[in-house]
Each structure stands twice: as C-alpha cells, then as structure tokens.
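Before any comments, here is the structure.
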Amino acid sequence: MKVAVTVWENTVSTVCDFSSRLLVFNVMGDEVKNRSFMPFETRILPERVNQLEALGVEVLLCGAISRPLERMIRASGVKVIPCLRGSIEEVIGAYLDGSLSDARFILPGFGPGASRVRGRKRWRRGGASADCPTR
C-alpha cells in the first residue's frame, strides 16, 4: 500500500492545503519501504489530487485539510486521515501500529472535548475551513 504524509521540516504539515512537500512510501506488512520526498507545491486543488493519483497514493496522512480538498481526494479513492501532528517518524510508527488516535497525534482543538459541528470540529483561518473527525 502506498502512503503519503504532508511534510514540513521533520513534522506533519499543520495544514495540508499549504504543504509544499510529501513523503511517499510503501507499507509492506509492518515495514516501510521506498521512501521518497516529493514536491507538492501547486495551490490548484485538482492538480494536488492528480499528483496523488499519479503517485498511486492510497492513504494520505495530514494535518487540517479544507473541505473542498478533502472531498476531491476522497472522491479519487484516496483515504484521508486528517488532523494529525507530530514528527514524521512517530506518525508513521503510529500509523503502522494503529495508534494514531492517541491524543499526542491529534492537532490541538480537534480532539475529544473540542467544539463540534455535527460531530466534527470545524477549523477556520483565512477563509479556508476544514473538518477533522473527532476520535
């Protein structure tokens, strides 16, 4: 399975829509293979989706994500796991062992106890909005 993580320095990029790099890797069993960093610079949402499709990405791990981008990515068949934070290595490890719901991997304000809009936390900044599932 091919997985991508939005990257800023050595952490998950806080906002997927503004991320300029991806780490793409294959998961085989409980091992990560063939890691490569890729530019993810276009701000044109359909082009971002096309790039994920062209790379064969099946799962996207990211921080907050706008509704339009998330909808387009999901519609292309990619599973989106949003509202993540932490170092790339820790997030990948948590993905592999199924512990991404641990509070240390959830963006502040998006976890249990956060205000909800129909069961989801709404984020708004600069005209963009994103929903992150409560866990």
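Chain labels follow the order of the structure tokens: the first chain is A, the next B, and so on; residue numbering restarts at 1 in every chain, and ligands are counted from 1 in their shown order.
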Exercise for the section: Please report, as a ChimeraX atom specification, each residue of chain A to which DSSP assigns strand (DSSP E or B) when run on this structure's backbone. Expected result: /A:2-8,11-12,15,21-28,31-39,59-61,64,66,79-81,84,87,106,117,120-125,128-133
Practice task
Find the spatial neighbours of region 18-22 of chain A, counting only C-alpha atoms, within a cut-off of 6 Å - ignore same-chain residues fewer than 6 positions away - and output them as an MDAnalysis selection string.
Solution key: chainID A and resid 5:7 37:41
Take the residues from that selection and write them out as an mmCIF file, in the first residue's frame, keeping C-alpha atoms.
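Saved to part-v3.cif:
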data_model
loop_
_atom_site.group_PDB
_atom_site.id
_atom_site.type_symbol
_atom_site.label_atom_id
_atom_site.label_comp_id
_atom_site.auth_asym_id
_atom_site.auth_seq_id
_atom_site.Cartn_x
_atom_site.Cartn_y
_atom_site.Cartn_z
ATOM 1 C CA VAL A 5 2.393 12.276 4.550
ATOM 2 C CA THR A 6 2.303 16.049 4.141
ATOM 3 C CA VAL A 7 5.636 17.334 5.453
ATOM 4 C CA PHE A 37 10.223 13.135 -0.725
ATOM 5 C CA MET A 38 8.210 14.757 -3.478
ATOM 6 C CA PRO A 39 7.301 18.394 -4.144
ATOM 7 C CA PHE A 40 3.623 19.167 -3.501
ATOM 8 C CA GLU A 41 3.728 22.830 -4.407
#
Practice task
Give the answer as one residue: which of A:Thr42, A:Val32, A:Glu58, A:Leu100 has the shortest atom-to-atom distance to Lys79 (chain A), using only C-alpha atoms?
Solution key: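 Between A:Thr42, A:Val32, A:Glu58, A:Leu100, the residue approaching Lys79 (chain A) most closely is A:Glu58.
With only C-alpha atoms as the atoms that count, the residue of A:Arg67, A:Val27, A:Val91, A:Ile73 with the shortest distance to Pro46 (chain A) is A:Ile73.
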Handout entry: Counting only C-alpha atoms, the residue of A:Leu96, A:Leu45, A:Leu55, A:Leu61 that sits nearest Glu31 (chain A)
Key =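 Using only C-alpha atoms, Glu31 (chain A) sits closest to A:Leu96.
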Handout entry: Who sits within 8 Å of Ile81 (chain A), only C-alpha atoms, same chain under 4 positions skipped, as a list in words
Key =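 Listed by chain and then number, they are Val59, Leu60, Leu61 and Cys62 of chain A.
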Completion exercise
Separating CA of Leu23 (chain A) from CA of Arg74 (chain A), to the nearest tenth of an Å, is a gap of 18.8 Å
Practice task
May I ask which of the residues A:Asn50, A:Ser101, A:Thr11, A:Asn26 is the closest one to Val78 (chain A), counting only C-alpha atoms?
Solution key: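 Among the listed residues, A:Asn50 lies closest to Val78 (chain A).
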Exercise for the section: Please run DSSP on the backbone and report, as a PyMOL selection string, all residues within region 49-83 of chain A that come out as alpha helix (DSSP H). Expected result: chain A and resi 49-55+67-75
Filtering to N, CA and C atoms, could you give me those residues as a compact mmCIF listing (two decimals), in the first residue's frame?
# COMPACT_ATOMS: atom_id res chain seq x y z
N VAL A 49 -4.75 16.70 -6.28
CA VAL A 49 -5.40 15.39 -6.34
C VAL A 49 -4.79 14.56 -7.46
N ASN A 50 -4.58 15.16 -8.62
CA ASN A 50 -3.98 14.45 -9.75
C ASN A 50 -2.59 13.93 -9.40
N GLN A 51 -1.83 14.72 -8.65
CA GLN A 51 -0.49 14.28 -8.27
C GLN A 51 -0.56 13.06 -7.35
N LEU A 52 -1.49 13.07 -6.39
CA LEU A 52 -1.63 11.91 -5.51
C LEU A 52 -2.03 10.67 -6.32
N GLU A 53 -2.94 10.86 -7.26
CA GLU A 53 -3.35 9.74 -8.12
C GLU A 53 -2.18 9.23 -8.95
N ALA A 54 -1.42 10.13 -9.55
CA ALA A 54 -0.29 9.75 -10.39
C ALA A 54 0.77 8.99 -9.59
N LEU A 55 0.92 9.34 -8.33
CA LEU A 55 1.88 8.65 -7.46
C LEU A 55 1.35 7.31 -6.96
N ARG A 67 -12.32 21.47 3.37
CA ARG A 67 -13.40 20.57 2.90
C ARG A 67 -13.28 20.27 1.41
N PRO A 68 -13.09 21.31 0.56
CA PRO A 68 -13.02 21.01 -0.88
C PRO A 68 -11.89 20.05 -1.23
N LEU A 69 -10.71 20.26 -0.66
CA LEU A 69 -9.59 19.38 -0.99
C LEU A 69 -9.85 17.98 -0.46
N GLU A 70 -10.33 17.87 0.75
CA GLU A 70 -10.61 16.54 1.31
C GLU A 70 -11.64 15.79 0.47
N ARG A 71 -12.68 16.47 0.06
CA ARG A 71 -13.73 15.83 -0.77
C ARG A 71 -13.15 15.33 -2.09
N MET A 72 -12.34 16.17 -2.73
CA MET A 72 -11.75 15.78 -4.01
C MET A 72 -10.82 14.58 -3.85
N ILE A 73 -10.01 14.60 -2.79
CA ILE A 73 -9.07 13.49 -2.58
C ILE A 73 -9.84 12.21 -2.30
N ARG A 74 -10.85 12.29 -1.43
CA ARG A 74 -11.66 11.09 -1.12
C ARG A 74 -12.38 10.58 -2.37
N ALA A 75 -12.90 11.51 -3.17
CA ALA A 75 -13.61 11.12 -4.40
C ALA A 75 -12.69 10.39 -5.37
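For Glu90 (chain A), the non-local neighbours within 10 Å, defined as residues at least 4 positions apart in the same chain or in other chains and counting only C-alpha atoms, are Thr11, Val12, Arg85, Gly86, Ala94, Tyr95, Leu96, Leu100, Arg104 and Phe105 of chain A.
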Problem - Shortest interatomic distance to Asn34 (chain A) - which of A:Gly98, A:Lys2, A:Glu89, A:Glu9, counting only C-alpha atoms - result: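 Closest residue, counting only C-alpha atoms: A:Lys2.
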Practice task
Have a look at CA of Gly77 (chain A) and CA of Ala64 (chain A) and let me know their distance in Å, one decimal.
Solution key: 18.9 Å
